[in-house]
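K.L.:
Sharing model.pdb (PDB, C-alpha atoms) below.
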ATOM      1  CA  MET A 244     124.980 214.527  72.949
ATOM      2  CA  ASP A 245     123.282 215.929  76.067
ATOM      3  CA  SER A 246     121.272 213.569  78.161
ATOM      4  CA  HIS A 247     118.671 214.323  80.794
ATOM      5  CA  SER A 248     117.248 212.335  83.628
ATOM      6  CA  SER A 249     113.613 211.929  84.377
ATOM      7  CA  SER A 250     112.223 210.175  87.404
ATOM      8  CA  ALA A 251     108.953 208.465  88.107
ATOM      9  CA  SER A 252     107.704 206.896  91.315
ATOM     10  CA  HIS A 253     105.155 204.236  92.051
ATOM     11  CA  SER A 254     103.614 203.575  95.501
ATOM     12  CA  HIS A 255     101.978 200.411  96.674
ATOM     13  CA  ALA A 256      99.118 200.189  99.069
ATOM     14  CA  SER A 257     101.564 199.075 101.752
ATOM     15  CA  GLY A 258     103.153 202.492 101.678
ATOM     16  CA  SER A 259     106.475 201.472 100.127
ATOM     17  CA  SER A 260     107.551 203.237  96.922
ATOM     18  CA  TYR A 261     109.977 202.640  94.047
ATOM     19  CA  ARG A 262     111.819 205.193  91.887
ATOM     20  CA  PHE A 263     112.793 204.619  88.238
ATOM     21  CA  ASN A 264     115.414 206.743  86.495
ATOM     22  CA  VAL A 265     115.042 207.142  82.688
ATOM     23  CA  HIS A 266     117.834 208.748  80.652
ATOM     24  CA  LEU A 267     116.713 210.552  77.434
ATOM     25  CA  THR A 268     118.627 212.569  74.871
ATOM     26  CA  SER A 269     117.768 216.172  74.048
ATOM     27  CA  GLN A 270     116.186 215.137  70.728
ATOM     28  CA  GLU A 271     114.027 212.502  72.384
ATOM     29  CA  LEU A 272     112.800 215.024  74.938
ATOM     30  CA  GLU A 273     112.033 217.486  72.168
ATOM     31  CA  ASP A 274     110.024 214.836  70.325
ATOM     32  CA  LEU A 275     108.018 214.052  73.437
ATOM     33  CA  ARG A 276     107.135 217.753  74.014
ATOM     34  CA  ARG A 277     105.969 218.282  70.392
ATOM     35  CA  PRO A 278     102.148 218.126  70.079
ATOM     36  CA  ILE A 279     100.659 215.425  67.773
ATOM     37  CA  THR A 280      99.106 217.351  64.886
ATOM     38  CA  ASP A 281     100.044 215.289  61.773
ATOM     39  CA  THR A 282      97.983 212.378  60.541
ATOM     40  CA  PRO A 283     100.064 209.252  59.834
ATOM     41  CA  HIS A 284     100.460 208.589  56.118
ATOM     42  CA  PHE A 285     100.327 205.047  54.741
ATOM     43  CA  SER A 286     101.373 204.124  51.187
ATOM     44  CA  PHE A 287      99.735 201.238  49.280
ATOM     45  CA  THR A 288     101.093 199.616  46.134
ATOM     46  CA  ALA A 289      98.382 198.148  43.863
ATOM     47  CA  ILE A 290      98.982 194.656  42.525
ATOM     48  CA  GLU A 291      97.317 194.283  39.138
ATOM     49  CA  ASP A 292      96.576 191.369  36.841
ATOM     50  CA  VAL A 293      96.354 188.824  39.622
ATOM     51  CA  GLU A 294      93.468 186.396  39.163
ATOM     52  CA  THR A 295      92.250 184.548  42.252
ATOM     53  CA  GLN A 296      89.866 181.708  41.626
ATOM     54  CA  ILE A 297      88.273 179.617  44.360
ATOM     55  CA  PRO A 298      87.200 176.126  43.315
ATOM     56  CA  ASP A 299      83.509 175.363  43.664
ATOM     57  CA  PHE A 300      83.641 171.961  45.361
ATOM     58  CA  ASN A 301      79.853 171.693  45.490
ATOM     59  CA  ALA A 302      79.440 171.874  41.729
ATOM     60  CA  SER A 303      78.979 168.608  39.792
ATOM     61  CA  SER A 304      81.096 167.609  36.799
ATOM     62  CA  GLU A 305      78.211 165.657  35.285
ATOM     63  CA  PRO A 306      76.417 167.158  32.277
ATOM     64  CA  ALA A 307      73.218 169.043  32.928
ATOM     65  CA  THR A 308      71.019 168.975  29.840
ATOM     66  CA  ILE A 309      68.315 171.592  30.057
ATOM     67  CA  GLY A 310      65.392 172.416  27.842
ATOM     68  CA  HIS A 311      66.104 176.102  27.613
ATOM     69  CA  ILE A 312      68.823 178.624  28.211
ATOM     70  CA  PRO A 313      68.554 180.290  31.659
ATOM     71  CA  THR A 314      66.592 183.519  31.726
ATOM     72  CA  SER A 315      69.620 185.369  33.021
ATOM     73  CA  SER A 316      71.969 185.962  30.147
ATOM     74  CA  PRO A 317      75.156 183.947  30.662
ATOM     75  CA  GLU A 318      78.373 185.887  30.566
ATOM     76  CA  VAL A 319      81.117 184.530  28.344
ATOM     77  CA  SER A 320      84.254 183.991  30.388
ATOM     78  CA  THR A 321      87.243 185.972  29.169
ATOM     79  CA  SER A 322      90.185 184.348  30.925
ATOM     80  CA  SER A 323      93.590 185.876  30.315
ATOM     81  CA  LYS A 324      95.039 182.381  29.832
ATOM     82  CA  PRO A 325      94.333 180.839  26.419
ATOM     83  CA  ALA A 326      92.673 177.415  26.427
ATOM     84  CA  LYS A 327      95.108 174.717  25.340
ATOM     85  CA  SER A 328      92.744 171.793  24.849
ATOM     86  CA  GLU A 329      91.307 171.116  21.382
ATOM     87  CA  VAL A 330      87.900 170.639  23.018
ATOM     88  CA  TRP A 331      87.458 174.404  23.385
ATOM     89  CA  LYS A 332      86.956 174.646  19.640
ATOM     90  CA  TYR A 333      83.511 173.168  20.306
ATOM     91  CA  PHE A 334      82.645 174.731  23.703
ATOM     92  CA  ASP A 335      82.258 178.260  25.103
ATOM     93  CA  LYS A 336      83.164 179.119  28.698
ATOM     94  CA  ILE A 337      80.230 180.946  30.297
ATOM     95  CA  MET A 338      79.136 182.123  33.745
ATOM     96  CA  VAL A 339      75.603 181.231  34.906
ATOM     97  CA  ASP A 340      74.522 182.577  38.295
ATOM     98  CA  GLY A 341      78.152 182.953  39.315
ATOM     99  CA  ALA A 342      79.083 179.374  38.389
ATOM    100  CA  ARG A 343      81.467 178.376  35.609
ATOM    101  CA  LYS A 344      79.819 176.448  32.773
ATOM    102  CA  ALA A 345      80.787 175.053  29.359
ATOM    103  CA  LYS A 346      78.214 175.424  26.566
ATOM    104  CA  CYS A 347      78.384 173.199  23.468
ATOM    105  CA  LYS A 348      78.550 175.210  20.242
ATOM    106  CA  ILE A 349      76.813 172.415  18.312
ATOM    107  CA  CYS A 350      74.096 171.496  20.836
ATOM    108  CA  PRO A 351      72.515 174.847  21.764
ATOM    109  CA  ASN A 352      70.760 173.495  24.868
ATOM    110  CA  VAL A 353      73.556 171.453  26.433
ATOM    111  CA  ILE A 354      75.515 173.072  29.275
ATOM    112  CA  TYR A 355      78.105 171.326  31.450
ATOM    113  CA  ALA A 356      79.136 172.324  34.946
ATOM    114  CA  PHE A 357      82.800 173.223  34.724
ATOM    115  CA  PRO A 358      84.380 174.202  38.068
ATOM    116  CA  GLN A 359      88.062 175.030  38.221
ATOM    117  CA  SER A 360      88.892 171.630  39.713
ATOM    118  CA  THR A 361      87.295 169.720  36.830
ATOM    119  CA  GLY A 362      89.199 168.667  33.699
ATOM    120  CA  THR A 363      87.917 168.550  30.127
ATOM    121  CA  GLY A 364      87.182 164.799  30.199
ATOM    122  CA  PRO A 365      83.362 165.144  30.201
ATOM    123  CA  LEU A 366      83.566 167.650  27.364
ATOM    124  CA  SER A 367      85.776 165.380  25.264
ATOM    125  CA  ARG A 368      83.428 162.447  25.841
ATOM    126  CA  HIS A 369      80.477 164.570  24.712
ATOM    127  CA  ILE A 370      82.205 165.408  21.409
ATOM    128  CA  LYS A 371      83.274 161.772  20.942
ATOM    129  CA  THR A 372      79.799 160.303  21.480
ATOM    130  CA  LYS A 373      77.528 163.047  20.150
ATOM    131  CA  HIS A 374      79.656 164.570  17.399
ATOM    132  CA  PRO A 375      82.225 161.939  16.298
ATOM    133  CA  GLU A 376      82.827 163.753  13.016
ATOM    134  CA  ASN A 377      84.170 166.711  15.029
ATOM    135  CA  GLN A 378      86.176 164.668  17.493
ATOM    136  CA  PRO A 379      89.394 166.479  18.462
ATOM    137  CA  ARG A 380      92.461 164.770  17.087
ATOM    138  CA  GLN A 381      95.987 164.682  18.381
ATOM    139  CA  THR A 382      98.174 167.447  16.994
ATOM    140  CA  GLN A 383     100.577 166.224  14.343
ATOM    141  CA  ILE A 384     104.271 166.667  15.071
ATOM    142  CA  SER A 385     106.518 167.768  12.223
ATOM    143  CA  THR A 386     109.575 165.539  11.753
ATOM    144  CA  LEU A 387     112.170 166.157   9.078
ATOM    145  CA  GLY A 388     109.764 166.974   6.307
ATOM    146  CA  GLY A 389     107.093 164.479   7.439
ATOM    147  CA  THR A 390     104.495 164.121  10.163
ATOM    148  CA  LEU A 391     103.829 161.725  13.032
ATOM    149  CA  ASN A 392     100.253 160.485  13.215
ATOM    150  CA  THR A 393      98.472 158.338  15.741
ATOM    151  CA  PHE A 394      98.497 154.794  14.323
ATOM    152  CA  THR A 395      95.279 152.773  14.421
ATOM    153  CA  TYR A 396      95.357 149.049  13.652
ATOM    154  CA  LYS A 397      92.714 148.065  11.110
ATOM    155  CA  ARG A 398      92.332 144.386  10.252
ATOM    156  CA  ALA A 399      90.739 145.142   6.862
ATOM    157  CA  THR A 400      93.711 147.292   5.830
ATOM    158  CA  THR A 401      96.138 144.630   7.021
ATOM    159  CA  LYS A 402      94.322 141.961   5.005
ATOM    160  CA  THR A 403      94.377 144.052   1.813
ATOM    161  CA  ASN A 404      98.035 145.024   2.079
ATOM    162  CA  LEU A 405      99.038 141.466   2.942
ATOM    163  CA  ALA A 406      97.223 140.192  -0.159
ATOM    164  CA  LYS A 407      99.109 142.734  -2.312
ATOM    165  CA  PHE A 408     102.384 141.618  -0.728
ATOM    166  CA  LEU A 409     101.708 137.940  -1.492
ATOM    167  CA  ILE A 410     100.786 138.762  -5.090
ATOM    168  CA  ARG A 411     103.906 140.819  -5.757
ATOM    169  CA  THR A 412     106.252 138.334  -4.088
ATOM    170  CA  GLU A 413     104.440 135.286  -5.559
ATOM    171  CA  GLN A 414     103.947 133.654  -2.158
ATOM    172  CA  PRO A 415     101.441 130.816  -1.529
ATOM    173  CA  PHE A 416      98.110 131.453   0.218
ATOM    174  CA  SER A 417      99.346 129.559   3.294
ATOM    175  CA  PHE A 418     102.109 132.108   3.880
ATOM    176  CA  ALA A 419      99.613 134.489   5.550
ATOM    177  CA  GLU A 420      98.766 132.019   8.314
ATOM    178  CA  ASP A 421     102.312 130.789   8.905
ATOM    179  CA  ASP A 422     103.162 130.853  12.632
ATOM    180  CA  ALA A 423     106.673 132.223  12.088
ATOM    181  CA  PHE A 424     105.383 135.096   9.936
ATOM    182  CA  THR A 425     102.657 135.940  12.487
ATOM    183  CA  GLU A 426     105.192 135.912  15.328
ATOM    184  CA  TYR A 427     107.509 138.176  13.348
ATOM    185  CA  ILE A 428     104.762 140.772  12.753
ATOM    186  CA  GLN A 429     103.530 140.656  16.369
ATOM    187  CA  THR A 430     106.960 140.992  17.981
ATOM    188  CA  THR A 431     108.484 143.457  15.529
ATOM    189  CA  HIS A 432     105.707 145.622  14.091
ATOM    190  CA  ASN A 433     102.283 145.253  15.681
ATOM    191  CA  PRO A 434     101.304 143.145  18.714
ATOM    192  CA  ALA A 435      97.612 143.413  17.704
ATOM    193  CA  HIS A 436      98.160 141.515  14.449
ATOM    194  CA  ASN A 437      96.258 138.247  14.001
ATOM    195  CA  SER A 438      97.032 135.631  11.381
ATOM    196  CA  VAL A 439      94.913 135.586   8.216
ATOM    197  CA  SER A 440      93.698 132.234   6.944
ATOM    198  CA  ARG A 441      94.514 131.019   3.436
ATOM    199  CA  ASN A 442      90.854 131.103   2.432
ATOM    200  CA  THR A 443      90.476 134.690   3.619
ATOM    201  CA  ILE A 444      93.594 135.871   1.817
ATOM    202  CA  ARG A 445      92.555 134.015  -1.337
ATOM    203  CA  ALA A 446      89.159 135.748  -1.321
ATOM    204  CA  GLU A 447      90.877 139.112  -0.813
ATOM    205  CA  MET A 448      93.169 138.478  -3.783
ATOM    206  CA  PHE A 449      90.235 137.707  -6.049
ATOM    207  CA  ARG A 450      88.512 140.858  -4.820
ATOM    208  CA  LEU A 451      91.574 142.906  -5.745
ATOM    209  CA  VAL A 452      91.708 141.268  -9.177
ATOM    210  CA  GLU A 453      88.066 142.150  -9.808
ATOM    211  CA  GLU A 454      88.653 145.712  -8.606
ATOM    212  CA  HIS A 455      91.550 146.209 -11.026
ATOM    213  CA  LYS A 456      89.601 144.521 -13.788
ATOM    214  CA  GLN A 457      86.767 147.040 -13.484
ATOM    215  CA  LEU A 458      89.309 149.854 -13.481
ATOM    216  CA  LEU A 459      90.852 148.589 -16.721
ATOM    217  CA  ILE A 460      87.428 148.222 -18.334
ATOM    218  CA  ALA A 461      86.723 151.877 -17.493
ATOM    219  CA  ILE A 462      90.078 152.937 -18.973
ATOM    220  CA  PHE A 463      89.544 150.964 -22.193
ATOM    221  CA  SER A 464      86.021 152.294 -22.684
ATOM    222  CA  SER A 465      87.045 155.931 -22.226
ATOM    223  CA  MET A 466      90.210 156.071 -24.322
ATOM    224  CA  PRO A 467      90.019 156.779 -28.070
ATOM    225  CA  HIS A 468      93.064 154.654 -28.931
ATOM    226  CA  LYS A 469      93.353 151.094 -30.138
ATOM    227  CA  VAL A 470      94.674 148.103 -28.176
ATOM    228  CA  ALA A 471      97.361 145.666 -29.325
ATOM    229  CA  LEU A 472      97.313 142.078 -27.985
ATOM    230  CA  THR A 473     100.130 139.606 -27.481
ATOM    231  CA  SER A 474      99.742 136.005 -26.308
ATOM    232  CA  ASP A 475     101.833 133.002 -25.422
ATOM    233  CA  CYS A 476     101.252 129.398 -24.302
ATOM    234  CA  TRP A 477     103.434 127.113 -22.201
ATOM    235  CA  GLU A 478     103.434 123.904 -20.214
ATOM    236  CA  ALA A 479     103.948 124.030 -16.430
ATOM    237  CA  LEU A 480     106.003 121.540 -14.411
ATOM    238  CA  ASN A 481     102.845 119.740 -13.344
ATOM    239  CA  GLY A 482     101.902 119.072 -16.989
ATOM    240  CA  ASN A 483      99.120 121.673 -17.226
ATOM    241  CA  HIS A 484      99.086 124.113 -20.133
ATOM    242  CA  TYR A 485      98.364 127.836 -19.711
ATOM    243  CA  ILE A 486      97.837 130.841 -21.940
ATOM    244  CA  VAL A 487      98.521 134.476 -21.047
ATOM    245  CA  ILE A 488      97.094 137.483 -22.931
ATOM    246  CA  THR A 489      98.611 140.967 -22.570
ATOM    247  CA  ALA A 490      97.053 144.251 -23.707
ATOM    248  CA  HIS A 491      99.302 147.105 -24.864
ATOM    249  CA  TYR A 492      97.866 150.614 -25.160
ATOM    250  CA  ILE A 493      98.735 154.312 -25.030
ATOM    251  CA  ASP A 494      96.941 156.311 -22.331
ATOM    252  CA  SER A 495      95.737 159.928 -22.379
ATOM    253  CA  ASP A 496      99.238 161.118 -21.381
ATOM    254  CA  TRP A 497     100.761 159.313 -24.375
ATOM    255  CA  SER A 498     102.504 156.792 -22.138
ATOM    256  CA  LEU A 499     102.824 153.183 -23.291
ATOM    257  CA  ASN A 500     101.173 150.700 -20.894
ATOM    258  CA  LYS A 501     100.818 146.956 -20.768
ATOM    259  CA  ARG A 502      98.443 144.935 -18.616
ATOM    260  CA  ILE A 503      97.827 141.203 -18.324
ATOM    261  CA  ILE A 504      94.128 140.769 -19.042
ATOM    262  CA  GLY A 505      94.030 136.975 -19.311
ATOM    263  CA  PHE A 506      95.788 134.151 -17.506
ATOM    264  CA  LYS A 507      93.872 131.000 -18.376
ATOM    265  CA  LYS A 508      94.309 127.249 -18.243
ATOM    266  CA  PHE A 509      94.549 125.956 -21.801
ATOM    267  CA  PRO A 510      92.513 122.729 -21.985
ATOM    268  CA  PHE A 511      93.233 119.877 -24.360
ATOM    269  CA  PRO A 512      93.196 119.705 -27.366
ATOM    270  CA  HIS A 513      95.557 122.619 -28.003
ATOM    271  CA  ASN A 514      94.192 123.553 -31.389
ATOM    272  CA  ALA A 515      93.201 126.794 -33.130
ATOM    273  CA  ALA A 516      89.523 126.516 -32.181
ATOM    274  CA  ASN A 517      90.180 126.343 -28.452
ATOM    275  CA  LEU A 518      92.818 129.084 -28.669
ATOM    276  CA  SER A 519      90.574 131.507 -30.564
ATOM    277  CA  GLN A 520      87.674 130.779 -28.182
ATOM    278  CA  ILE A 521      89.760 131.684 -25.104
ATOM    279  CA  LEU A 522      90.970 134.877 -26.774
ATOM    280  CA  MET A 523      87.445 135.955 -27.681
ATOM    281  CA  LEU A 524      86.213 135.350 -24.119
ATOM    282  CA  VAL A 525      88.933 137.641 -22.748
ATOM    283  CA  VAL A 526      88.401 140.324 -25.415
ATOM    284  CA  ARG A 527      84.652 140.476 -24.750
ATOM    285  CA  GLU A 528      85.200 140.323 -20.975
ATOM    286  CA  TYR A 529      87.142 143.591 -21.206
ATOM    287  CA  ARG A 530      84.837 145.024 -23.896
ATOM    288  CA  ILE A 531      87.614 145.753 -26.362
ATOM    289  CA  ASP A 532      86.318 143.697 -29.294
ATOM    290  CA  ASN A 533      85.955 146.934 -31.320
ATOM    291  CA  LYS A 534      89.359 148.338 -30.265
ATOM    292  CA  ILE A 535      91.745 145.586 -31.411
ATOM    293  CA  CYS A 536      94.381 146.758 -33.881
ATOM    294  CA  THR A 537      96.910 143.877 -33.842
ATOM    295  CA  ILE A 538      97.319 140.371 -32.371
ATOM    296  CA  SER A 539     100.806 138.838 -32.043
ATOM    297  CA  PHE A 540     101.690 135.131 -31.503
ATOM    298  CA  ASP A 541     104.689 132.960 -32.165
ATOM    299  CA  ASN A 542     104.802 131.051 -35.447
ATOM    300  CA  ALA A 543     103.153 127.805 -34.315
ATOM    301  CA  SER A 544     100.670 126.472 -36.847
ATOM    302  CA  GLU A 545      97.687 126.491 -34.455
ATOM    303  CA  ASN A 546      98.393 130.161 -33.663
ATOM    304  CA  THR A 547      98.280 131.106 -37.323
ATOM    305  CA  ALA A 548      94.991 129.283 -37.743
ATOM    306  CA  ALA A 549      93.564 130.939 -34.625
ATOM    307  CA  ILE A 550      94.391 134.415 -36.016
ATOM    308  CA  ASP A 551      92.462 133.639 -39.198
ATOM    309  CA  ILE A 552      89.428 132.701 -37.076
ATOM    310  CA  LEU A 553      89.720 135.888 -35.016
ATOM    311  CA  LYS A 554      90.034 138.079 -38.106
ATOM    312  CA  ASN A 555      86.700 136.820 -39.360
ATOM    313  CA  ILE A 556      84.947 137.215 -35.987
ATOM    314  CA  LEU A 557      86.333 140.706 -35.204
ATOM    315  CA  ASN A 558      86.334 141.944 -38.797
ATOM    316  CA  LEU A 559      90.028 142.826 -38.556
ATOM    317  CA  PHE A 560      92.073 144.125 -41.443
TER     318      PHE A 560
END
Output the file's structure as structure tokens, nothing else.
P.N.:
Amino acid sequence: MDSHSSSASHSHASGSSYRFNVHLTSQELEDLRRPITDTPHFSFTAIEDVETQIPDFNASSEPATIGHIPTSSPEVSTSSKPAKSEVWKYFDKIMVDGARKAKCKICPNVIYAFPQSTGTGPLSRHIKTKHPENQPRQTQISTLGGTLNTFTYKRATTKTNLAKFLIRTEQPFSFAEDDAFTEYIQTTHNPAHNSVSRNTIRAEMFRLVEEHKQLLIAIFSSMPHKVALTSDCWEALNGNHYIVITAHYIDSDWSLNKRIIGFKKFPFPHNAANLSQILMLVVREYRIDNKICTISFDNASENTAAIDILKNILNLF
């Protein structure tokens, strides 16, 4: 490639001068001689769908309750990112005078400042305190055909279920307040559990008995079928005598049921008069005196005499 030399000189005020030799190629010289007539061209590439948000650090996260909606119509924010929090089911994102706000869908005049740097805590507290019936709940997680729910300890529920447990397992009232049982529940199942006194658990058992009694009364009064009674007496180890009365009936689904409707202490003397009196008290207590079809006892003489008394009172057979 051909090269050419070009010289330039520079003189100082003192009179001395310097010479510089510059070596250029033929193409470089040609480029220097060409006049500048073209306008430089710049290419820009547009970047789309990029959202830049600057936090408003002067805005307050405290609620601002106002008496009226601002005269300028708020613009509903349409963010490309979907809201993940459950609280947005009850709030709308709006823009008021260039500031981000959250407007309650239930309270038409309540607007919260909601800058980018603020979380949804104030909004959740508003729903919790003002609209507890609409309080967002934790999403349930599916697990092998079931669901996981947030567990809440309720003393009333614990008391009721403990009473049912003692009844079914025939445990004494004092079992509920036993220190070993309380420690077992607290360390294994629920640290918030407190022991239940024997008097409390006894009262809960009697409440359950009354609840089931009223349910049976409603069943007996609504069914068109008759009721068959069986009864038996025995002596306990402590020398007391008891009598149990069981009702047998067919429900609306034609299923045979049996329920104990009387468990009474049988006072002395153990004769037909006392036996028939206890039976009549139970029958009238459950309002089935007009629904008796049969009464079955063993063949003791006082039982036979008691049936004769009941037949006359109930007009049986």
K.L.:
As a ChimeraX atom specification, please: the residues near Cys347 in chain A (cut-off 12 Å, only C-alpha atoms, same-chain neighbours under 4 positions excluded).
P.N.:
/A:306-308,312,330-337,351-356,365-367,369-370,373-374
K.L.:
Calculated over all atoms listed in the file, which of the candidates A:Leu499, A:Ile504, A:Ala399, A:Val339 has the smallest distance to Gln457 in chain A?
P.N.:
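When distances to Gln457 in chain A are compared using all atoms listed in the file, the smallest one comes from A:Ile504.
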K.L.:
From the list A:Glu273, A:Glu426, A:Asp551, A:Asp541, which residue is nearest Asp475 in chain A when using only C-alpha atoms?
P.N.:
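Using only C-alpha atoms, Asp475 in chain A sits closest to A:Asp541.
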K.L.:
A:Thr443, A:Thr268, A:Ser519, A:Ser539: which is nearest Ala419 in chain A, counting all atoms listed in the file?
P.N.:
A:Thr443
K.L.:
Padding of 5 Å on every side, edges along x, y and z, all listed atoms of range 336-344 of chain A included: what centre and edge lengths in Å, to one decimal, does that box have, as lines of an AutoDock Vina configuration file?
P.N.:
center_x = 78.8
center_y = 179.7
center_z = 34.0
size_x = 18.6
size_y = 16.5
size_z = 20.6
K.L.:
Can you list, as a list in words, every protein, DNA or RNA residue that comes within 10 Å of range 401-410 of chain A when you count only C-alpha atoms, leaving out same-chain residues fewer than 5 positions away?
P.N.:
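My reading of the contact set: Tyr396, Pro415, Phe416, Ser417, Phe418, Ala419, His436, Asn437, Ser438, Val439, Ser440, Thr443, Ile444, Arg445, Ala446, Glu447, Met448, Phe449, Arg450 and Leu451 of chain A.
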K.L.:
Tell me, as a list in words, which residues lie within 12 Å of range 492-494 of chain A, counting only C-alpha atoms; anything in the same chain fewer than 2 positions away does not count.
P.N.:
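With the cut-off at 12 Å, the set is Leu459, Ile462, Phe463, Ser464, Ser465, Met466, Pro467, His468, Lys469, Val470, Ala471, Leu472, Thr473, Thr489, Ala490, Asp496, Trp497, Ser498, Leu499, Asn500, Lys501, Arg502, Ile503, Ile531, Lys534, Ile535, Cys536 and Thr537 of chain A.
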K.L.:
Figure out the distance between CA of Ser474 in chain A and CA of Val487 in chain A, please, to one decimal in Å.
P.N.:
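That distance, rounded to one decimal, is 5.6 Å.
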K.L.:
Pick the closest to Tyr529 in chain A from A:His455, A:Ala423, A:Phe509, A:Ile556: which is it, counting all atoms listed in the file?
P.N.:
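Among the listed residues, A:His455 lies closest to Tyr529 in chain A.
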